[in-house]
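Take a look at the structure below.
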Amino acid sequence: MDEFQTGEETAFVVDEVSTIIKESVEGAIGGNAYQHSRVNQWTTNVVEQSLSQLSKLGKPFKYIVTCVIMQKNGAGLQTASSCFWDNTTDGSCTVRWGNKSMYCIVSVFGLAI
Amino acid sequence: FLYRLESQVSFNADEASVSVKECIEAIIGGLDYNQNKVNQWTASIVEHSLTQLVKQGRPFKFIVNCAIMQKSGAGLHTANSCYWDTATDGSCTVRWENRTMYCVVSVFAVALTC
């Protein structure tokens, strides 16, 4: 029972991280239409808010958060990631969000210290 | 002796950048955006880049991210933020383009703690 609890506190929990990201995205761009002049500020807000909430979890992890915002106009976008890490302790989670005028894709990579 | 050890452990962004550019050129240099192939291209780019980085034999964990976007006038913006050890960890981003597409590859290197 003790071992399971320790595992929870020091593991990368995808659902928990996913919720944090969704809230950060909604908070930063929810309800807005794509605007070239503001998108710079939006991506910054999304990554900073996400990172701040993640570090508050107090887990022994280093984090990398990436955010892509793309205007919807029919263009194709493909992304891929490859990681060289420790499969037993490290993890990642990607959240895809979209509204009528734009897509927002956020990826979080957590690496155990 | 200690100085040499320390300089070996910080991420060399320029070297990684060169390595990644070579991978991109080898895989999509001279090709036009093709919806059917783009899936394979991004996978190949990240795998080859990762292999080259790991071959350098440095004590790092790596994350390689690749985005390919068709050129059609749409706006694309990317940002990343990292919570790590700024003395040893690092990243580099390579932006490449041709007539029909953009390719953006980011490498994140996190030092292995012994």
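Residue names in the structure tokens use chain letters A, B, ... in the order shown, residue numbers from 1 in each chain, and ligand numbers from 1 in the order shown.
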
For this session: Assign secondary structure with DSSP using the backbone only, and return the residues of chain B in strand (DSSP E or B) as a VMD selection string.
Result: chain B and resid 60 to 70 76 to 83 90 to 97 101 to 111

Exercise. Mind listing as a PyMOL selection string which residues of chain A are within 10 Å of chain B, counting only C-alpha atoms?
Worked result: chain A and resi 34-36+39-52+54-55+61-86+102-113

For this session: Mind listing the alpha helix (DSSP H) residues of range 3-66 of chain B, per DSSP on the backbone, as a PyMOL selection string?
Result: chain B and resi 3-8+13-28+38-55

Exercise. How many Å separate CA of Glu97 in chain B from CA of Asn12 in chain B?
Worked result: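 Going from CA of Glu97 in chain B over to CA of Asn12 in chain B, I get 23.5 Å.
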
Exercise. In Å, how far is it from CA of Asp14 in chain B to CA of Arg99 in chain B?
Worked result: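 Between CA of Asp14 in chain B and CA of Arg99 in chain B the gap is 25.6 Å.
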
Exercise. Between CA of Gly91 in chain A and CA of Val14 in chain A, what is the distance, to one decimal in Å?
Worked result: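 Separation between CA of Gly91 in chain A and CA of Val14 in chain A: 7.7 Å.
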